[in-house]
$ cat data-v9.csv   # CSV, C-alpha atoms and all ligand atoms
chain,number,residue,atom,x,y,z
A,11,MET,CA,45.1,120.4,67.0
A,12,ARG,CA,43.1,117.2,67.4
A,13,THR,CA,44.6,113.8,66.9
A,14,ILE,CA,42.1,111.2,65.7
A,15,ILE,CA,43.1,107.5,65.9
A,16,ILE,CA,40.8,105.0,64.2
A,17,GLY,CA,40.8,101.2,64.8
A,18,ASP,CA,40.8,98.3,62.4
A,19,ILE,CA,38.7,99.2,59.4
A,20,HIS,CA,38.9,95.9,57.4
A,21,GLY,CA,37.4,97.1,54.2
A,22,CYS,CA,34.5,98.9,55.9
A,23,TYR,CA,35.0,102.0,53.8
A,24,HIS,CA,31.5,103.4,54.4
A,25,HIS,CA,31.7,103.0,58.1
A,26,PHE,CA,35.1,104.8,58.1
A,27,ILE,CA,33.6,107.8,56.2
A,28,SER,CA,30.5,107.9,58.4
A,29,LEU,CA,32.7,108.0,61.5
A,30,LEU,CA,34.8,110.8,60.1
A,31,LYS,CA,31.7,112.8,59.3
A,32,LYS,CA,30.3,112.1,62.8
A,33,ILE,CA,33.4,113.6,64.4
A,34,ASN,CA,33.5,116.5,61.9
A,35,TYR,CA,37.0,115.5,60.7
A,36,LYS,CA,38.8,118.4,59.0
A,37,LYS,CA,41.6,117.2,56.7
A,38,LYS,CA,43.7,120.4,57.0
A,39,LYS,CA,43.2,120.9,60.8
A,40,ASP,CA,43.2,117.4,62.4
A,41,ARG,CA,45.9,114.8,62.4
A,42,LEU,CA,44.5,111.3,61.5
A,43,ILE,CA,46.1,108.0,62.4
A,44,LEU,CA,44.8,104.6,61.2
A,45,MET,CA,45.8,101.6,63.3
A,46,GLY,CA,46.4,99.2,60.4
A,47,ASP,CA,44.3,96.3,59.0
A,48,LEU,CA,42.7,98.6,56.4
A,49,MET,CA,42.0,95.6,54.2
A,50,ASP,CA,40.6,92.0,54.2
A,51,ARG,CA,37.2,90.6,55.4
A,52,GLY,CA,35.0,93.6,54.5
A,53,PRO,CA,34.0,94.4,50.9
A,54,TRP,CA,35.8,97.6,50.1
A,55,SER,CA,39.5,97.0,50.5
A,56,HIS,CA,40.5,98.6,47.3
A,57,GLU,CA,38.5,101.7,47.9
A,58,MET,CA,40.0,102.0,51.4
A,59,LEU,CA,43.6,101.5,50.2
A,60,MET,CA,43.1,104.0,47.3
A,61,LEU,CA,41.8,106.6,49.8
A,62,ALA,CA,44.8,106.0,52.0
A,63,VAL,CA,47.2,106.4,49.1
A,64,ARG,CA,45.6,109.6,48.0
A,65,TRP,CA,45.4,111.2,51.5
A,66,ARG,CA,48.9,110.2,52.3
A,67,ARG,CA,50.0,111.9,49.0
A,68,GLU,CA,47.9,115.0,49.6
A,69,ASN,CA,48.3,115.4,53.3
A,70,PRO,CA,51.6,113.7,54.4
A,71,ASP,CA,52.0,115.9,57.5
A,72,ARG,CA,48.6,115.1,58.9
A,73,PHE,CA,47.6,111.6,57.7
A,74,PHE,CA,49.4,108.5,59.0
A,75,MET,CA,48.9,104.8,59.2
A,76,ILE,CA,50.7,102.0,61.0
A,77,ARG,CA,50.9,98.5,59.6
A,78,GLY,CA,48.6,95.7,60.7
A,79,ASN,CA,49.0,92.0,60.4
A,80,HIS,CA,46.9,92.0,57.2
A,81,GLU,CA,49.2,94.5,55.5
A,82,GLN,CA,52.1,92.4,56.7
A,83,MET,CA,50.5,89.3,55.1
A,84,ILE,CA,50.4,91.2,51.8
A,85,VAL,CA,54.1,92.1,52.2
A,86,GLU,CA,55.0,88.5,53.1
A,87,GLN,CA,52.7,86.7,50.8
A,88,ASP,CA,55.4,85.0,48.9
A,89,LYS,CA,57.0,83.6,52.1
A,90,SER,CA,55.3,80.1,52.3
A,91,LEU,CA,52.2,78.1,51.4
A,92,GLU,CA,51.4,78.0,55.1
A,93,ARG,CA,51.3,81.8,55.3
A,94,GLN,CA,49.2,81.9,52.2
A,95,LEU,CA,46.7,79.5,53.7
A,96,ILE,CA,46.5,81.5,56.9
A,97,TRP,CA,45.7,84.6,54.9
A,98,HIS,CA,42.9,82.7,53.1
A,99,CYS,CA,41.5,81.9,56.5
A,100,VAL,CA,41.4,85.5,57.5
A,101,GLY,CA,39.6,87.1,54.6
A,102,LYS,CA,42.1,87.6,51.7
A,103,GLY,CA,39.3,86.5,49.3
A,104,THR,CA,37.3,89.7,49.7
A,105,THR,CA,40.4,91.8,49.1
A,106,ILE,CA,41.2,89.9,45.9
A,107,ARG,CA,37.6,90.4,44.7
A,108,SER,CA,37.7,94.1,45.5
A,109,PHE,CA,41.0,94.6,43.6
A,110,ARG,CA,39.9,92.5,40.6
A,111,HIS,CA,36.7,94.6,40.4
A,112,HIS,CA,39.0,97.6,39.9
A,113,ARG,CA,41.3,95.7,37.5
A,114,ASP,CA,44.1,96.2,40.0
A,115,ARG,CA,46.5,93.9,42.0
A,116,MET,CA,47.3,94.3,45.6
A,117,GLU,CA,50.8,93.1,45.0
A,118,ASN,CA,51.4,96.5,43.2
A,119,TYR,CA,51.1,98.2,46.6
A,120,ILE,CA,53.8,96.3,48.5
A,121,PRO,CA,56.5,99.0,48.1
A,122,TRP,CA,53.9,101.6,49.1
A,123,ILE,CA,52.9,99.6,52.3
A,124,LEU,CA,56.6,99.2,53.2
A,125,LYS,CA,57.2,103.0,52.8
A,126,HIS,CA,54.0,104.4,54.3
A,127,MET,CA,52.8,101.9,56.8
A,128,PRO,CA,55.5,101.7,59.5
A,129,ILE,CA,55.2,99.2,62.4
A,130,SER,CA,54.9,102.0,64.9
A,131,LEU,CA,54.2,105.7,65.4
A,132,VAL,CA,55.7,107.5,68.3
A,133,ASP,CA,54.3,110.8,69.7
A,134,PRO,CA,55.5,112.7,72.8
A,135,ASP,CA,52.3,111.7,74.7
A,136,PHE,CA,51.6,108.2,73.3
A,137,GLN,CA,52.6,105.7,70.7
A,138,CYS,CA,50.7,103.4,68.4
A,139,VAL,CA,51.4,99.8,67.4
A,140,HIS,CA,48.9,97.4,65.8
A,141,ALA,CA,48.7,94.4,68.2
A,142,SER,CA,50.7,94.5,71.4
A,143,ILE,CA,53.7,95.7,73.3
A,144,GLU,CA,55.9,94.5,76.2
A,145,ASN,CA,58.9,96.9,76.2
A,146,GLU,CA,57.9,100.5,75.9
A,147,ASP,CA,60.8,101.0,73.5
A,148,VAL,CA,59.1,99.7,70.4
A,149,ASN,CA,62.3,98.6,68.8
A,150,LYS,CA,62.9,96.1,71.6
A,151,ASN,CA,59.8,94.1,70.8
A,152,SER,CA,59.6,91.3,68.2
A,153,LEU,CA,57.8,92.1,64.9
A,154,ASP,CA,55.4,89.3,65.6
A,155,LEU,CA,54.5,90.7,69.0
A,156,LEU,CA,53.9,94.2,67.7
A,157,VAL,CA,51.9,93.2,64.6
A,158,LYS,CA,50.0,90.0,65.4
A,159,ASP,CA,50.1,88.8,69.0
A,160,HIS,CA,46.7,88.3,70.6
A,161,SER,CA,47.6,86.8,74.0
A,162,TRP,CA,49.3,89.8,75.5
A,163,SER,CA,46.2,91.9,76.4
A,164,LYS,CA,44.8,89.1,78.5
A,165,LYS,CA,47.8,89.4,80.8
A,166,ASN,CA,47.5,93.2,81.3
A,167,LEU,CA,51.1,93.6,82.6
A,168,TYR,CA,52.4,96.4,80.4
A,169,GLN,CA,53.1,99.6,82.4
A,170,GLY,CA,55.2,101.6,80.0
A,171,LYS,CA,54.4,104.7,78.0
A,172,LEU,CA,50.8,104.9,76.9
A,173,THR,CA,50.3,102.8,73.8
A,174,ILE,CA,47.3,102.7,71.5
A,175,ILE,CA,46.6,99.3,70.0
A,176,GLY,CA,44.0,97.6,67.8
A,177,HIS,CA,44.0,94.1,66.3
A,178,THR,CA,42.0,92.2,69.0
A,179,PRO,CA,38.3,92.9,68.5
A,180,LEU,CA,36.7,93.8,71.8
A,181,ASP,CA,33.1,94.6,72.8
A,182,GLU,CA,34.1,98.0,74.0
A,183,PRO,CA,37.3,100.1,73.9
A,184,THR,CA,39.4,98.9,76.8
A,185,TYR,CA,42.2,100.4,79.0
A,186,TYR,CA,44.9,98.0,80.2
A,187,ASP,CA,46.5,99.6,83.2
A,188,GLY,CA,49.2,96.9,83.7
A,189,SER,CA,47.7,95.7,87.0
A,190,GLY,CA,47.3,92.1,85.9
A,191,ASN,CA,43.5,92.5,86.4
A,192,PRO,CA,41.0,92.3,83.4
A,193,GLY,CA,41.0,95.4,81.2
A,194,ILE,CA,38.7,98.3,82.0
A,195,TYR,CA,35.9,99.2,79.5
A,196,LEU,CA,36.0,102.9,78.5
A,197,ASP,CA,32.9,105.1,77.9
A,198,TYR,CA,32.1,107.0,74.7
A,199,HIS,CA,31.3,110.7,74.4
A,200,GLN,CA,33.2,111.7,77.5
A,201,TRP,CA,36.4,113.8,77.7
A,202,LYS,CA,38.9,112.3,80.2
A,203,PRO,CA,42.6,112.9,81.0
A,204,LEU,CA,44.9,110.9,78.7
A,205,PRO,CA,46.6,108.2,80.8
A,206,LYS,CA,50.4,108.4,80.7
A,207,THR,CA,51.0,104.6,80.9
A,208,GLY,CA,49.4,101.4,80.0
A,209,ALA,CA,47.5,100.6,76.7
A,210,ILE,CA,44.2,101.4,75.2
A,211,CYS,CA,42.7,99.0,72.6
A,212,ILE,CA,40.3,100.7,70.2
A,213,ASP,CA,39.5,97.7,67.9
A,214,THR,CA,35.8,97.2,68.4
A,215,GLY,CA,35.2,94.7,65.6
A,216,CYS,CA,33.4,96.8,63.0
A,217,VAL,CA,33.6,94.1,60.4
A,218,TYR,CA,32.0,91.6,62.8
A,219,GLY,CA,29.0,93.9,63.3
A,220,ASN,CA,30.0,95.6,66.5
A,221,LYS,CA,31.3,99.2,65.9
A,222,LEU,CA,34.2,101.3,64.5
A,223,THR,CA,35.8,103.4,67.2
A,224,ALA,CA,37.7,106.7,67.0
A,225,MET,CA,39.8,108.1,69.8
A,226,ILE,CA,40.2,111.8,69.7
A,227,ILE,CA,43.1,113.4,71.6
A,228,GLU,CA,43.4,117.1,72.3
A,229,ASP,CA,45.2,119.1,75.0
A,230,GLY,CA,46.0,116.1,77.2
A,231,LYS,CA,42.5,114.7,77.1
A,232,TYR,CA,40.8,112.1,75.0
A,233,CYS,CA,37.2,111.2,74.0
A,234,LEU,CA,35.9,108.1,72.2
A,235,GLU,CA,33.3,108.1,69.4
A,236,MET,CA,31.9,105.4,67.3
A,237,VAL,CA,29.5,104.3,64.5
A,238,PRO,CA,27.8,100.9,64.4
A,239,GLY,CA,29.4,98.2,62.3
A,240,THR,CA,28.1,95.6,59.9
A,241,CYS,CA,28.8,91.9,60.1
A,242,TYR,CA,30.6,90.9,56.9
A,243,PHE,CA,32.6,88.1,58.4
A,244,ASP,CA,31.3,85.6,60.9
A,245,GLY,CA,34.3,86.1,63.3
A,246,SER,CA,35.3,82.5,63.3
A,247,SER,CA,37.8,81.2,60.8
A,248,GLU,CA,36.5,77.6,61.4
A,249,ASN,CA,34.4,77.6,58.2
A,250,TYR,CA,37.3,78.8,56.2
A,251,ILE,CA,39.6,76.3,57.8
A,252,LYS,CA,37.2,73.4,57.2
A,253,TYR,CA,37.0,74.4,53.6
A,254,VAL,CA,40.7,74.9,53.1
A,255,LYS,CA,41.4,71.6,54.9
A,256,LYS,CA,39.1,69.7,52.6
A,257,VAL,CA,40.6,71.2,49.5
A,258,CYS,CA,44.3,71.4,50.4
A,259,HIS,CA,44.7,68.6,53.0
A,260,LEU,CA,46.1,71.0,55.5
A,261,PRO,CA,48.2,69.8,58.3
A,262,GLU,CA,46.7,70.0,61.8
A,263,THR,CA,49.1,72.7,62.7
A,264,ILE,CA,47.2,75.2,60.6
A,265,GLN,CA,44.4,75.2,63.2
A,266,ALA,CA,46.9,76.3,65.8
A,267,PHE,CA,48.2,79.0,63.5
A,268,CYS,CA,44.8,80.3,62.7
A,269,ASP,CA,43.8,80.4,66.3
A,270,LYS,CA,46.7,82.8,66.9
A,271,ILE,CA,45.8,85.3,64.2
B,1,MN,MN,45.0,92.8,63.1
$ encode --input "data-v9.csv" --output "structure tokens" --more "lines below"
Ligand SMILES: [Mn+2]
Amino acid sequence: MRTIIIGDIHGCYHHFISLLKKINYKKKKDRLILMGDLMDRGPWSHEMLMLAVRWRRENPDRFFMIRGNHEQMIVEQDKSLERQLIWHCVGKGTTIRSFRHHRDRMENYIPWILKHMPISLVDPDFQCVHASIENEDVNKNSLDLLVKDHSWSKKNLYQGKLTIIGHTPLDEPTYYDGSGNPGIYLDYHQWKPLPKTGAICIDTGCVYGNKLTAMIIEDGKYCLEMVPGTCYFDGSSENYIKYVKKVCHLPETIQAFCDKI
């Protein structure tokens, strides 16, 4: 059985479908895992979520997702004004438009997200979390680290069980071997032995115009495939921040918060 893991989709519904077609995805044969951040930034958040809801219902033994920081923002949207504003900085508007277009509300899906998008997925050979990991026992990491931390990968010090991550958009899929050196870019279209330790980031910034990456795992080996992305979001939250600051008189601390997302 193939396991197919796909990085941050961010409302790029058509890219997701193209990638599945390219790798000849078979719903009843392959196991499919999405790395979270299905929504925000790209135009088709509602379509993407509805597909996930349907496939999870029809195919619960072969279709899985973990939760990204953007789904976590939906879950926590009532927490504080500050969190609301951060969310505005990172593309909530496109999700709201997408849901309004379908006369639906994303708040309706909070119970579904809590039930069907866990923070981690653990397999005998690897595990998946959205953003980063320090202790190989997923439960011994903070929620913030697992779901939204960006700084971790730069350190490249994790040497525990192989963990697949997304969240930080990179030029190429990258292997972090825990050596403290910069991560190592991975090639596409080549079957290689699956590492036992370290981390592989497969977020290649589809919504910024780079590409959407799939990692295919079978019989102890893996192969990477991709489709080109489309730039729906300029990659810097500065314009959003300037706008929100003007309108809402944001405190300076929001910039620091936004830099961390
Ligand atoms: Mn993310």
$ closest_residue --input "data-v9.csv" --among "A:Trp65, A:Tyr168, A:Trp97, A:Trp54" --to "ligand MN 1 (chain B)" --atoms "all atoms listed in the file"
A:Trp97
$ residues_near_ligand --input "data-v9.csv" --ligand "ligand MN 1 (chain B)" --cutoff "6 Å" --atoms "all atoms listed in the file" --output "list in words"
Asp47, Gly78, Asn79 and His177 of chain A
$ residues_around --input "data-v9.csv" --residues "A:Lys221" --least-positions-apart "3" --cutoff "8 Å" --atoms "all atoms listed in the file" --output "PyMOL selection string"
chain A and resi 214-217+236-240
$ closest_residue --input "data-v9.csv" --among "A:Arg72, A:Lys150, A:Arg107, A:Arg77" --to "A:Lys36" --atoms "only C-alpha atoms"
A:Arg72
$ atom_distance --input "data-v9.csv" --atom1 "atom CA of A:Cys22" --atom2 "atom CA of A:Met127"
18.6 Å
$ atom_distance --input "data-v9.csv" --atom1 "atom CA of A:Arg113" --atom2 "atom CA of A:Arg64"
17.9 Å
$ atom_distance --input "data-v9.csv" --atom1 "atom CA of A:Lys171" --atom2 "atom CA of A:Asp187"
10.7 Å
$ closest_residue --input "data-v9.csv" --among "A:Phe109, A:Tyr232, A:Tyr242, A:Trp122" --to "A:Tyr198" --atoms "only C-alpha atoms"
A:Tyr232
$ residues_around --input "data-v9.csv" --residues "stretch 151-159 of chain A" --least-positions-apart "6" --cutoff "10 Å" --atoms "all atoms listed in the file" --output "JSON, numbers by chain"
{"A": [46, 47, 76, 77, 78, 79, 80, 81, 82, 129, 130, 138, 139, 140, 141, 142, 143, 144, 145, 175, 176, 177, 178, 270, 271]}
$ closest_residue --input "data-v9.csv" --among "A:Leu204, A:Ala62, A:Cys233, A:Leu48" --to "A:Asp135" --atoms "all atoms listed in the file"
A:Leu204
$ residues_around --input "data-v9.csv" --residues "A:Leu172" --least-positions-apart "2" --cutoff "8 Å" --atoms "all atoms listed in the file" --output "number ranges by chain"
A: 135-137, 169-170, 174, 205-210
$ closest_residue --input "data-v9.csv" --among "A:Asn191, A:Ser28, A:Ser55, A:Asn69" --to "A:Arg41" --atoms "all atoms listed in the file"
A:Asn69
$ closest_residue --input "data-v9.csv" --among "A:His20, A:Leu180, A:Asn118, A:Asp133" --to "A:Ile227" --atoms "only C-alpha atoms"
A:Asp133
$ residues_around --input "data-v9.csv" --residues "A:Pro121" --least-positions-apart "5" --cutoff "12 Å" --atoms "all atoms listed in the file" --output "CSV table (one decimal) with C-alpha atoms, in the frame of the given file"
chain,number,residue,atom,x,y,z
A,63,VAL,CA,47.2,106.4,49.1
A,81,GLU,CA,49.2,94.5,55.5
A,82,GLN,CA,52.1,92.4,56.7
A,84,ILE,CA,50.4,91.2,51.8
A,85,VAL,CA,54.1,92.1,52.2
A,86,GLU,CA,55.0,88.5,53.1
A,116,MET,CA,47.3,94.3,45.6
A,126,HIS,CA,54.0,104.4,54.3
A,127,MET,CA,52.8,101.9,56.8
A,128,PRO,CA,55.5,101.7,59.5
$ residues_around --input "data-v9.csv" --residues "A:Asn34" --least-positions-apart "4" --cutoff "12 Å" --atoms "only C-alpha atoms" --output "VMD selection string"
chain A and resid 12 14 27 to 30 38 to 40 224 226 235
$ build_atoms --input "data-v9.csv" --residues "stretch 99-126 of chain A" --atoms "N, CA and C atoms" --output "mmCIF file, keeping the file's coordinate frame"
data_model
loop_
_atom_site.group_PDB
_atom_site.id
_atom_site.type_symbol
_atom_site.label_atom_id
_atom_site.label_comp_id
_atom_site.auth_asym_id
_atom_site.auth_seq_id
_atom_site.Cartn_x
_atom_site.Cartn_y
_atom_site.Cartn_z
ATOM 1 N N CYS A 99 42.423 82.098 55.381
ATOM 2 C CA CYS A 99 41.500 81.900 56.500
ATOM 3 C C CYS A 99 41.004 83.220 57.067
ATOM 4 N N VAL A 100 41.727 84.277 56.871
ATOM 5 C CA VAL A 100 41.400 85.500 57.500
ATOM 6 C C VAL A 100 40.863 86.603 56.560
ATOM 7 N N GLY A 101 40.366 86.182 55.414
ATOM 8 C CA GLY A 101 39.600 87.100 54.600
ATOM 9 C C GLY A 101 40.283 87.715 53.386
ATOM 10 N N LYS A 102 41.370 87.071 52.932
ATOM 11 C CA LYS A 102 42.100 87.600 51.700
ATOM 12 C C LYS A 102 41.121 87.629 50.527
ATOM 13 N N GLY A 103 40.183 86.654 50.460
ATOM 14 C CA GLY A 103 39.300 86.500 49.300
ATOM 15 C C GLY A 103 38.573 87.816 48.967
ATOM 16 N N THR A 104 38.069 88.493 49.973
ATOM 17 C CA THR A 104 37.300 89.700 49.700
ATOM 18 C C THR A 104 38.218 90.802 49.141
ATOM 19 N N THR A 105 39.463 90.809 49.576
ATOM 20 C CA THR A 105 40.400 91.800 49.100
ATOM 21 C C THR A 105 40.722 91.525 47.595
ATOM 22 N N ILE A 106 40.930 90.253 47.275
ATOM 23 C CA ILE A 106 41.200 89.900 45.900
ATOM 24 C C ILE A 106 40.030 90.306 44.988
ATOM 25 N N ARG A 107 38.809 90.005 45.453
ATOM 26 C CA ARG A 107 37.600 90.400 44.700
ATOM 27 C C ARG A 107 37.544 91.885 44.470
ATOM 28 N N SER A 108 37.815 92.614 45.552
ATOM 29 C CA SER A 108 37.700 94.100 45.500
ATOM 30 C C SER A 108 38.769 94.628 44.495
ATOM 31 N N PHE A 109 39.970 94.086 44.509
ATOM 32 C CA PHE A 109 41.000 94.600 43.600
ATOM 33 C C PHE A 109 40.710 94.158 42.148
ATOM 34 N N ARG A 110 40.203 92.924 41.978
ATOM 35 C CA ARG A 110 39.900 92.500 40.600
ATOM 36 C C ARG A 110 38.779 93.357 40.014
ATOM 37 N N HIS A 111 37.825 93.702 40.841
ATOM 38 C CA HIS A 111 36.700 94.600 40.400
ATOM 39 C C HIS A 111 37.269 95.855 39.792
ATOM 40 N N HIS A 112 38.361 96.342 40.345
ATOM 41 C CA HIS A 112 39.000 97.600 39.900
ATOM 42 C C HIS A 112 40.134 97.309 38.889
ATOM 43 N N ARG A 113 40.251 96.074 38.435
ATOM 44 C CA ARG A 113 41.300 95.700 37.500
ATOM 45 C C ARG A 113 42.702 96.089 38.064
ATOM 46 N N ASP A 114 42.902 95.800 39.316
ATOM 47 C CA ASP A 114 44.100 96.200 40.000
ATOM 48 C C ASP A 114 44.665 94.959 40.728
ATOM 49 N N ARG A 115 45.872 95.026 41.227
ATOM 50 C CA ARG A 115 46.500 93.900 42.000
ATOM 51 C C ARG A 115 47.067 94.438 43.271
ATOM 52 N N MET A 116 46.765 93.770 44.360
ATOM 53 C CA MET A 116 47.300 94.300 45.600
ATOM 54 C C MET A 116 48.798 94.207 45.717
ATOM 55 N N GLU A 117 49.373 93.252 44.963
ATOM 56 C CA GLU A 117 50.800 93.100 45.000
ATOM 57 C C GLU A 117 51.506 94.430 44.514
ATOM 58 N N ASN A 118 50.781 95.215 43.713
ATOM 59 C CA ASN A 118 51.400 96.500 43.200
ATOM 60 C C ASN A 118 51.658 97.455 44.353
ATOM 61 N N TYR A 119 51.037 97.229 45.496
ATOM 62 C CA TYR A 119 51.100 98.200 46.600
ATOM 63 C C TYR A 119 52.127 97.801 47.682
ATOM 64 N N ILE A 120 52.839 96.707 47.461
ATOM 65 C CA ILE A 120 53.800 96.300 48.500
ATOM 66 C C ILE A 120 54.836 97.352 48.789
ATOM 67 N N PRO A 121 55.470 97.966 47.770
ATOM 68 C CA PRO A 121 56.500 99.000 48.100
ATOM 69 C C PRO A 121 55.805 100.191 48.839
ATOM 70 N N TRP A 122 54.564 100.509 48.476
ATOM 71 C CA TRP A 122 53.900 101.600 49.100
ATOM 72 C C TRP A 122 53.624 101.277 50.616
ATOM 73 N N ILE A 123 53.169 100.072 50.879
ATOM 74 C CA ILE A 123 52.900 99.600 52.300
ATOM 75 C C ILE A 123 54.217 99.721 53.084
ATOM 76 N N LEU A 124 55.299 99.215 52.484
ATOM 77 C CA LEU A 124 56.600 99.200 53.200
ATOM 78 C C LEU A 124 57.011 100.641 53.545
ATOM 79 N N LYS A 125 56.729 101.574 52.639
ATOM 80 C CA LYS A 125 57.200 103.000 52.800
ATOM 81 C C LYS A 125 56.218 103.753 53.761
ATOM 82 N N HIS A 126 54.942 103.550 53.597
ATOM 83 C CA HIS A 126 54.000 104.400 54.300
ATOM 84 C C HIS A 126 53.247 103.841 55.459
#
